[in-house]
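Q: As input, take protein.tsv (TSV, C-alpha atoms):
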chain	number	residue	atom	x	y	z
A	1	MET	CA	0.00	0.00	0.00
A	2	VAL	CA	2.86	2.38	0.84
A	3	LYS	CA	4.53	1.77	-2.54
A	4	LYS	CA	1.24	2.33	-4.36
A	5	LEU	CA	0.63	5.56	-2.47
A	6	ASN	CA	4.13	6.75	-3.27
A	7	LYS	CA	3.56	6.03	-6.97
A	8	ASN	CA	0.25	7.87	-6.78
A	9	ARG	CA	1.87	10.84	-5.11
A	10	ILE	CA	4.59	11.00	-7.75
A	11	ALA	CA	2.05	10.74	-10.56
A	12	LEU	CA	-0.16	13.41	-9.00
A	13	LEU	CA	2.78	15.74	-8.45
A	14	ILE	CA	3.74	15.34	-12.13
A	15	ILE	CA	0.15	15.97	-13.26
A	16	PHE	CA	-0.49	19.03	-11.09
A	17	GLY	CA	3.00	20.37	-11.74
A	18	GLY	CA	2.50	19.94	-15.47
A	19	CYS	CA	-0.86	21.71	-15.36
A	20	ILE	CA	0.63	24.65	-13.45
A	21	LEU	CA	3.53	24.87	-15.89
A	22	LEU	CA	1.24	24.79	-18.94
A	23	ASN	CA	-1.06	27.45	-17.50
A	24	VAL	CA	1.83	29.75	-16.66
A	25	LEU	CA	3.25	29.23	-20.15
A	26	ALA	CA	-0.17	29.97	-21.65
A	27	TRP	CA	-0.40	33.31	-19.83
A	28	LEU	CA	3.14	34.24	-20.86
A	29	SER	CA	3.27	33.08	-24.48
A	30	LYS	CA	0.57	33.66	-27.08
A	31	GLY	CA	2.80	31.91	-29.62
A	32	PHE	CA	2.80	28.72	-27.55
A	33	CYS	CA	-1.00	28.83	-27.29
A	34	ASP	CA	-1.38	29.32	-31.04
A	35	TRP	CA	0.98	26.42	-31.76
A	36	TYR	CA	-0.79	24.18	-29.23
A	37	THR	CA	-4.26	24.99	-30.56
A	38	GLU	CA	-3.19	24.48	-34.16
A	39	ASN	CA	-1.23	21.23	-33.69
A	40	ILE	CA	-2.03	19.48	-30.41
A	41	PHE	CA	-5.63	20.32	-29.49
A	42	PRO	CA	-7.05	18.65	-32.63
A	43	ILE	CA	-5.33	15.42	-31.57
A	44	TRP	CA	-7.37	15.31	-28.35
A	45	MET	CA	-10.56	16.03	-30.26
A	46	ASN	CA	-9.85	13.21	-32.69
A	47	ALA	CA	-8.70	10.72	-30.06
A	48	PHE	CA	-11.46	11.37	-27.52
A	49	GLY	CA	-14.13	13.53	-29.15
A	50	ARG	CA	-14.67	11.07	-31.98
A	51	PRO	CA	-15.58	8.03	-29.82
A	52	VAL	CA	-17.58	10.16	-27.39
A	53	SER	CA	-19.61	11.50	-30.34
A	54	LEU	CA	-20.78	7.96	-31.04
A	55	LEU	CA	-22.71	7.94	-27.77
A	56	PRO	CA	-26.40	8.86	-28.22
A	57	PHE	CA	-26.37	10.96	-25.05
A	58	SER	CA	-24.21	13.63	-23.45
A	59	LEU	CA	-21.42	11.86	-21.58
A	60	GLY	CA	-20.55	15.13	-19.87
A	61	GLU	CA	-24.03	15.47	-18.42
A	62	ILE	CA	-23.87	11.90	-17.08
A	63	MET	CA	-20.47	12.64	-15.53
A	64	ILE	CA	-21.85	15.75	-13.83
A	65	ILE	CA	-24.80	13.80	-12.45
A	66	ILE	CA	-22.46	11.10	-11.13
A	67	ALA	CA	-20.25	13.77	-9.56
A	68	ILE	CA	-23.24	15.36	-7.80
A	69	VAL	CA	-24.41	11.98	-6.49
A	70	LEU	CA	-20.86	11.18	-5.36
A	71	VAL	CA	-20.58	14.44	-3.45
A	72	LEU	CA	-23.96	13.90	-1.79
A	73	LEU	CA	-23.21	10.29	-0.83
A	74	THR	CA	-19.66	10.87	0.40
A	75	PRO	CA	-20.42	12.30	3.89
A	76	PRO	CA	-22.93	9.60	4.98
A	77	SER	CA	-20.98	6.71	3.42
A	78	LEU	CA	-17.70	7.95	4.93
A	79	LEU	CA	-19.34	8.31	8.33
A	80	VAL	CA	-20.74	4.76	8.19
A	81	LEU	CA	-17.38	3.27	7.17
A	82	LEU	CA	-15.53	5.18	9.89
A	83	ILE	CA	-17.94	3.73	12.46
A	84	VAL	CA	-17.95	0.17	11.09
A	85	LEU	CA	-14.24	-0.04	10.27
A	86	ARG	CA	-12.89	1.52	13.44
A	87	GLY	CA	-9.54	-0.17	13.17
A	88	ARG	CA	-9.00	0.89	9.56
A	89	ARG	CA	-10.15	4.49	9.68
A	90	LYS	CA	-6.83	5.84	8.40
A	91	LYS	CA	-6.96	3.60	5.35
A	92	VAL	CA	-10.60	4.58	4.65
A	93	LEU	CA	-9.70	8.26	4.74
A	94	LYS	CA	-6.74	7.69	2.42
A	95	VAL	CA	-8.86	5.83	-0.11
A	96	TYR	CA	-11.55	8.53	-0.11
A	97	GLY	CA	-8.93	11.25	-0.34
A	98	LEU	CA	-7.12	9.51	-3.17
A	99	VAL	CA	-10.34	9.10	-5.19
A	100	TYR	CA	-11.15	12.79	-4.89
A	101	ILE	CA	-7.61	13.92	-5.67
A	102	TRP	CA	-7.61	11.84	-8.86
A	103	ILE	CA	-10.97	13.31	-9.85
A	104	ILE	CA	-9.54	16.79	-9.33
A	105	ALA	CA	-6.47	15.80	-11.35
A	106	PHE	CA	-8.65	14.65	-14.25
A	107	ILE	CA	-10.56	17.93	-14.19
A	108	ALA	CA	-7.33	19.94	-14.01
A	109	VAL	CA	-5.84	18.10	-17.00
A	110	THR	CA	-8.91	18.28	-19.24
A	111	GLU	CA	-9.64	21.93	-18.36
A	112	THR	CA	-6.03	22.91	-18.99
A	113	LEU	CA	-5.64	21.01	-22.27
A	114	ASN	CA	-9.12	21.63	-23.67
A	115	CYS	CA	-9.97	25.06	-22.32
A	116	PHE	CA	-7.54	27.19	-20.29
A	117	ILE	CA	-4.69	27.26	-22.84
A	118	LEU	CA	-7.10	28.10	-25.65
A	119	TYR	CA	-8.25	31.29	-23.94
A	120	HIS	CA	-4.84	32.89	-24.50
A	121	CYS	CA	-4.48	32.37	-28.26
A	122	SER	CA	-4.28	35.17	-30.78
A	123	THR	CA	-7.69	36.65	-31.41
A	124	PHE	CA	-9.79	35.53	-34.37
A	125	GLY	CA	-9.05	38.83	-36.08
A	126	GLU	CA	-5.29	38.51	-35.50
A	127	THR	CA	-5.27	34.94	-36.75
A	128	TYR	CA	-7.15	35.64	-39.96
A	129	GLY	CA	-6.12	39.20	-40.74
A	130	ILE	CA	-9.33	41.00	-39.83
A	131	PRO	CA	-8.19	44.50	-38.77
A	132	SER	CA	-9.73	45.90	-35.61
A	133	THR	CA	-10.72	49.57	-35.86
A	134	GLU	CA	-12.94	52.10	-34.14
A	135	HIS	CA	-16.40	52.39	-35.64
A	136	THR	CA	-18.91	55.21	-35.74
A	137	ASN	CA	-22.57	55.19	-34.75
A	138	ALA	CA	-23.37	55.65	-38.43
A	139	GLU	CA	-21.60	52.37	-39.22
A	140	LEU	CA	-23.45	50.69	-36.36
A	141	THR	CA	-26.84	51.83	-37.65
A	142	GLU	CA	-25.84	50.78	-41.18
A	143	LEU	CA	-25.06	47.29	-39.89
A	144	CYS	CA	-28.31	47.22	-37.93
A	145	ASP	CA	-30.32	48.29	-40.99
A	146	TYR	CA	-28.70	45.49	-43.01
A	147	LEU	CA	-29.37	42.84	-40.36
A	148	THR	CA	-32.93	44.12	-39.90
A	149	ALA	CA	-33.66	43.84	-43.61
A	150	GLU	CA	-32.22	40.33	-43.84
A	151	THR	CA	-33.94	39.14	-40.65
A	152	ASN	CA	-37.27	40.58	-41.80
A	153	ALA	CA	-36.99	38.86	-45.18
A	154	LEU	CA	-36.17	35.51	-43.59
A	155	SER	CA	-38.80	35.84	-40.86
A	156	VAL	CA	-41.69	35.44	-43.31
A	157	GLN	CA	-40.16	32.37	-44.97
A	158	VAL	CA	-39.49	30.09	-41.98
A	159	PRO	CA	-42.09	27.63	-40.61
A	160	ARG	CA	-44.48	29.09	-38.03
A	161	ALA	CA	-47.20	27.87	-35.70
A	162	GLU	CA	-50.76	29.20	-35.74
A	163	ASP	CA	-49.84	31.77	-33.09
A	164	GLY	CA	-47.07	33.11	-35.35
A	165	THR	CA	-44.11	31.72	-33.41
A	166	PHE	CA	-41.14	30.03	-35.06
A	167	ILE	CA	-41.14	26.24	-35.57
A	168	LEU	CA	-37.83	24.37	-35.90
A	169	THR	CA	-37.87	21.51	-38.40
A	170	ALA	CA	-34.16	21.38	-39.34
A	171	ASP	CA	-31.78	18.76	-37.93
A	172	LEU	CA	-29.26	19.89	-35.32
A	173	ASP	CA	-26.28	17.73	-36.14
A	174	GLU	CA	-25.39	17.15	-39.80
A	175	THR	CA	-26.54	20.58	-40.98
A	176	ALA	CA	-24.68	22.34	-38.16
A	177	ILE	CA	-21.50	20.33	-38.72
A	178	LYS	CA	-21.53	21.05	-42.47
A	179	ALA	CA	-22.28	24.73	-41.85
A	180	VAL	CA	-19.25	25.18	-39.60
A	181	GLU	CA	-16.91	23.02	-41.69
A	182	ALA	CA	-17.88	25.00	-44.81
A	183	LEU	CA	-16.01	27.97	-43.31
A	184	ALA	CA	-12.72	26.05	-43.26
A	185	ASP	CA	-11.54	27.34	-46.65
A	186	GLU	CA	-11.46	30.86	-45.23
A	187	PHE	CA	-10.74	29.92	-41.61
A	188	PRO	CA	-8.70	26.67	-41.61
A	189	ARG	CA	-9.01	25.92	-37.89
A	190	LEU	CA	-12.71	25.22	-38.44
A	191	GLY	CA	-11.81	22.22	-40.58
A	192	GLY	CA	-10.92	18.71	-39.47
A	193	TYR	CA	-13.03	16.40	-37.37
A	194	THR	CA	-16.19	17.94	-35.88
A	195	VAL	CA	-17.92	16.46	-32.85
A	196	THR	CA	-21.65	15.70	-32.94
A	197	PRO	CA	-23.62	18.29	-30.91
A	198	LYS	CA	-25.97	16.81	-28.31
A	199	PRO	CA	-29.00	18.04	-26.36
A	200	ILE	CA	-28.92	18.12	-22.58
A	201	ILE	CA	-31.54	15.89	-20.96
A	202	ASN	CA	-31.92	18.27	-18.02
A	203	SER	CA	-32.40	21.30	-20.26
A	204	PHE	CA	-34.81	22.90	-17.80
A	205	PHE	CA	-31.91	23.29	-15.38
A	206	MET	CA	-29.99	25.05	-18.19
A	207	SER	CA	-32.95	27.35	-18.77
A	208	GLN	CA	-32.93	28.22	-15.07
A	209	GLN	CA	-29.39	29.49	-15.64
A	210	TYR	CA	-30.28	31.32	-18.87
A	211	LEU	CA	-27.87	28.89	-20.57
A	212	MET	CA	-28.46	28.07	-24.23
A	213	GLY	CA	-25.44	25.82	-24.72
A	214	ILE	CA	-22.29	24.61	-23.05
A	215	TYR	CA	-18.93	23.21	-24.15
A	216	LEU	CA	-17.73	20.52	-21.72
A	217	PRO	CA	-13.91	20.22	-21.88
A	218	PHE	CA	-13.83	17.03	-19.79
A	219	SER	CA	-16.01	15.14	-22.26
A	220	TRP	CA	-15.02	16.87	-25.52
A	221	GLU	CA	-18.67	17.72	-26.24
A	222	ALA	CA	-20.79	20.53	-27.63
A	223	ASN	CA	-24.11	20.50	-25.78
A	224	TYR	CA	-27.24	22.60	-26.17
A	225	ASN	CA	-30.50	23.38	-24.38
A	226	ASP	CA	-33.29	21.86	-26.48
A	227	GLU	CA	-36.11	23.34	-24.37
A	228	MET	CA	-35.35	27.01	-25.06
A	229	TYR	CA	-37.20	29.05	-27.66
A	230	PRO	CA	-36.49	27.21	-30.95
A	231	SER	CA	-35.13	30.16	-32.97
A	232	ASN	CA	-32.09	30.16	-30.66
A	233	ILE	CA	-31.13	26.55	-31.23
A	234	PRO	CA	-29.42	26.36	-34.67
A	235	ASN	CA	-27.19	29.37	-33.91
A	236	THR	CA	-26.39	27.97	-30.45
A	237	VAL	CA	-25.36	24.58	-31.85
A	238	CYS	CA	-22.93	26.27	-34.27
A	239	HIS	CA	-21.64	28.43	-31.40
A	240	GLU	CA	-20.82	25.40	-29.27
A	241	ILE	CA	-19.16	23.60	-32.19
A	242	ALA	CA	-16.94	26.66	-32.59
A	243	HIS	CA	-15.72	26.15	-29.01
A	244	THR	CA	-14.73	22.57	-29.86
A	245	LYS	CA	-12.57	23.99	-32.67
A	246	GLY	CA	-10.51	25.87	-30.09
A	247	PHE	CA	-12.26	29.25	-30.13
A	248	MET	CA	-13.00	29.88	-26.45
A	249	LEU	CA	-13.84	33.58	-26.54
A	250	GLU	CA	-17.61	34.03	-26.61
A	251	ASP	CA	-17.61	36.92	-29.08
A	252	GLU	CA	-15.58	34.83	-31.53
A	253	ALA	CA	-17.86	31.80	-31.14
A	254	ASN	CA	-20.84	34.12	-31.71
A	255	PHE	CA	-19.24	35.50	-34.87
A	256	ILE	CA	-18.39	32.05	-36.21
A	257	ALA	CA	-21.94	30.86	-35.49
A	258	PHE	CA	-23.35	33.83	-37.42
A	259	LEU	CA	-21.13	33.15	-40.45
A	260	ALA	CA	-21.99	29.43	-40.35
A	261	CYS	CA	-25.73	30.16	-40.24
A	262	ASP	CA	-25.51	32.96	-42.79
A	263	ARG	CA	-23.84	30.74	-45.38
A	264	CYS	CA	-25.94	27.65	-44.62
A	265	ASP	CA	-28.39	26.36	-47.23
A	266	ASN	CA	-31.05	25.85	-44.56
A	267	ILE	CA	-33.28	28.89	-44.14
A	268	GLU	CA	-34.02	28.12	-40.48
A	269	TYR	CA	-30.31	28.26	-39.70
A	270	ARG	CA	-29.96	31.54	-41.59
A	271	TYR	CA	-32.88	33.07	-39.72
A	272	SER	CA	-31.55	31.84	-36.37
A	273	GLY	CA	-28.14	33.37	-37.08
A	274	TYR	CA	-29.50	36.72	-38.24
A	275	LEU	CA	-31.99	37.03	-35.39
A	276	ARG	CA	-29.27	36.34	-32.82
A	277	ALA	CA	-26.84	38.80	-34.40
A	278	LEU	CA	-29.59	41.42	-34.62
A	279	LYS	CA	-30.22	41.02	-30.89
A	280	TYR	CA	-26.64	41.98	-30.05
A	281	VAL	CA	-26.57	44.86	-32.53
A	282	LEU	CA	-29.90	46.21	-31.28
A	283	SER	CA	-28.43	46.25	-27.77
A	284	GLN	CA	-25.51	48.36	-29.01
A	285	VAL	CA	-27.86	50.67	-30.90
A	286	SER	CA	-29.95	51.17	-27.76
A	287	ASP	CA	-26.81	52.14	-25.82
A	288	ASN	CA	-25.16	54.36	-28.42
A	289	CYS	CA	-27.54	55.77	-31.01
A	290	SER	CA	-30.17	58.50	-31.10
A	291	GLU	CA	-33.81	58.01	-30.17
A	292	GLU	CA	-34.70	58.74	-33.79
A	293	ASP	CA	-32.51	55.87	-35.02
A	294	LYS	CA	-33.79	53.51	-32.35
A	295	ASN	CA	-37.45	54.27	-33.11
A	296	ARG	CA	-36.85	53.90	-36.85
A	297	ILE	CA	-35.07	50.54	-36.49
A	298	TYR	CA	-37.49	49.01	-33.99
A	299	GLY	CA	-40.39	50.27	-36.08
A	300	ALA	CA	-39.03	48.47	-39.14
A	301	LEU	CA	-39.12	44.99	-37.58
A	302	THR	CA	-41.81	42.64	-38.89
A	303	ALA	CA	-44.57	41.19	-36.75
A	304	GLU	CA	-42.90	37.78	-37.18
A	305	VAL	CA	-39.60	39.03	-35.74
A	306	TYR	CA	-41.45	40.57	-32.80
A	307	ALA	CA	-43.30	37.28	-32.29
A	308	ASP	CA	-39.96	35.51	-31.87
A	309	ILE	CA	-38.42	38.23	-29.70
A	310	ASN	CA	-41.45	38.08	-27.40
A	311	GLY	CA	-41.61	34.28	-27.55
A	312	ASN	CA	-37.99	34.08	-26.44
A	313	ALA	CA	-38.58	36.52	-23.57
A	314	ASP	CA	-41.72	34.63	-22.51
A	315	HIS	CA	-39.79	31.35	-22.34
A	316	TRP	CA	-37.16	32.68	-19.94
A	317	GLN	CA	-39.84	34.44	-17.86
A	318	LYS	CA	-41.91	31.25	-17.52
A	319	VAL	CA	-38.83	29.31	-16.39
A	320	GLN	CA	-38.02	31.90	-13.74
A	321	GLU	CA	-41.60	31.81	-12.46
A	322	SER	CA	-41.82	27.99	-12.53
A	323	ASP	CA	-41.51	25.85	-9.41
A	324	GLU	CA	-40.46	22.70	-11.30
A	325	GLY	CA	-36.78	22.75	-10.39
A	326	LEU	CA	-35.10	21.32	-7.30
A	327	LEU	CA	-33.95	24.86	-6.47
A	328	PRO	CA	-35.67	28.21	-7.17
A	329	SER	CA	-34.80	29.52	-10.63
A	330	GLU	CA	-33.74	32.88	-9.25
A	331	THR	CA	-31.19	31.22	-6.95
A	332	VAL	CA	-29.86	28.96	-9.72
A	333	ALA	CA	-29.56	31.94	-12.09
A	334	LYS	CA	-27.62	34.03	-9.58
A	335	ILE	CA	-25.18	31.21	-8.78
A	336	SER	CA	-24.68	30.40	-12.46
A	337	ASP	CA	-24.18	34.07	-13.37
A	338	ALA	CA	-21.56	34.54	-10.66
A	339	ALA	CA	-19.77	31.32	-11.62
A	340	MET	CA	-19.64	32.22	-15.32
A	341	GLU	CA	-18.47	35.77	-14.62
A	342	THR	CA	-15.72	34.46	-12.35
A	343	SER	CA	-14.65	31.76	-14.81
A	344	LEU	CA	-14.35	34.22	-17.70
A	345	LYS	CA	-12.38	36.75	-15.68
A	346	LEU	CA	-10.02	34.10	-14.29
A	347	ASN	CA	-9.26	33.13	-17.89
A	348	GLY	CA	-8.30	36.68	-18.78
A	349	VAL	CA	-11.65	37.93	-20.16
A	350	SER	CA	-11.72	41.18	-18.20
A	351	ASP	CA	-15.27	42.21	-19.14
A	352	GLY	CA	-16.78	38.84	-18.28
A	353	LYS	CA	-20.20	38.12	-19.77
A	354	LYS	CA	-20.23	41.47	-21.57
A	355	SER	CA	-17.68	39.90	-23.93
A	356	TYR	CA	-20.54	38.11	-25.74
A	357	GLY	CA	-21.58	41.44	-27.22
A	358	ARG	CA	-18.13	42.11	-28.68
A	359	MET	CA	-19.22	40.07	-31.69
A	360	VAL	CA	-20.68	43.36	-32.96
A	361	ASP	CA	-17.12	44.68	-33.32
A	362	LEU	CA	-16.20	41.59	-35.33
A	363	LEU	CA	-19.24	42.03	-37.57
A	364	LEU	CA	-18.19	45.63	-38.22
A	365	ASP	CA	-14.50	44.77	-38.66
A	366	TYR	CA	-15.34	42.02	-41.13
A	367	GLY	CA	-17.61	44.34	-43.09
A	368	ILE	CA	-20.93	42.54	-42.71
A	369	GLY	CA	-23.57	44.66	-44.41
A	370	ARG	CA	-21.03	47.05	-45.91
A	371	ASN	CA	-19.90	46.67	-49.51
A	372	ARG	CA	-20.67	42.97	-49.15
A	373	GLN	CA	-20.71	40.67	-52.15
A	374	ASP	CA	-23.07	37.78	-51.52
Can you give me the file's structure in the form of structure tokens?

A:
Amino acid sequence: MVKKLNKNRIALLIIFGGCILLNVLAWLSKGFCDWYTENIFPIWMNAFGRPVSLLPFSLGEIMIIIAIVLVLLTPPSLLVLLIVLRGRRKKVLKVYGLVYIWIIAFIAVTETLNCFILYHCSTFGETYGIPSTEHTNAELTELCDYLTAETNALSVQVPRAEDGTFILTADLDETAIKAVEALADEFPRLGGYTVTPKPIINSFFMSQQYLMGIYLPFSWEANYNDEMYPSNIPNTVCHEIAHTKGFMLEDEANFIAFLACDRCDNIEYRYSGYLRALKYVLSQVSDNCSEEDKNRIYGALTAEVYADINGNADHWQKVQESDEGLLPSETVAKISDAAMETSLKLNGVSDGKKSYGRMVDLLLDYGIGRNRQD
């Protein structure tokens, strides 16, 4: 037992030491992160993401459920064993401790290799030569007018229920995978093997957190909430696939998802992408533009677009007012919001959740809606 523990300690010291070294290197060297993301990260996705994609369910969700059960059962089971095995209490504590330390080691390795390093790469614009410049309110309203016109045109072509709300009929795996991979000619890192996106069984819990999708580094999976308002889903699936390609920053994943949906043959994907992009641009218009511009833009939206904007808002409101969950939705939302904000800032994203909206800068930098040849 002593020899085994010594081997375990040596292995754990190597693992934790290696994780610390890699994280320090990631913070210090953007070049290392770019090289790692380009050459090493795809190996993990091929070696582990490919077999995991064959599973018809989210392995990550199952692992989280098991972890929760394990945490809940540990105190009573440990107490019982300490009472029953009085003469072997030290060994019991060592075994429990060792199990938890190895679990932490697994999380540290997968988070480091599949997430933390990737946060410190060159930006999407730096990687693909998209110059970042300051933009005027006039350019912002021009972009918004373009997105409004496109969203309006698409809104009357997609399937709708009798009450006017959007109906999703498109698949959420093959179409999404092809849409993202089609961008690889222009953005090579989006090529290669693509994992199969999967719905979360406990999507109501995601809705309580206002979560539409989640990339799980420890299971190499792109997961999405399949209970949210349906117009969000195609864009969200492409967003989460973008994370599995090594693009951790939320604004970049948003931008990639928009391009994937925009260039997709499926009209539901195109509408989903445009409606989501319009939401972020409208937010910027509300914060920066004149009342005249705001009234003109909001007045131009079709009844169908408003039906989906209101349908989306109603979904989140109903979840927050529901008593279905194990915990109150307000409590879950606050905990989730604080955890996400902390996670983003610890990974160097100084503006936290506000970074999602920076996709508007990428849309402007790329020239969407301005001198665009479709």

Q: List the spatial neighbours of Glu227 of chain A as a VMD selection string - criterion: any atom at most 8 Å away, only C-alpha atoms, same-chain residues fewer than 6 positions off excluded.

A: chain A and resid 203 to 204 207

Q: For each of A:Ile167, A:Val52, A:Ile130, A:Val305, take the minimum atom-to-atom distance to Phe187 of chain A, counting only C-alpha atoms, then give the residue where this is smallest.

A: A:Ile130

Q: In Å to one decimal, how far is atom CA of Val158 of chain A from atom CA of Arg270 of chain A?

A: 9.6 Å

Q: With all atoms listed in the file as the atoms that count, which of A:His239, A:Val281, A:Ala153, A:Val69 lies nearest to Lys294 of chain A?

A: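 The answer is A:Val281, which sits nearest to Lys294 of chain A.
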
Q: Mind giving me the straight-line distance from atom CA of Pro75 of chain A to atom CA of Phe16 of chain A in Å, one decimal?

A: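 Answer for the atom CA of Pro75 of chain A to atom CA of Phe16 of chain A separation: 25.8 Å.
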
Q: Quick one: pull the distance between atom CA of Gly97 of chain A and atom CA of Thr112 of chain A, Å, one decimal.

A: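 Those two atoms sit 22.2 Å apart.
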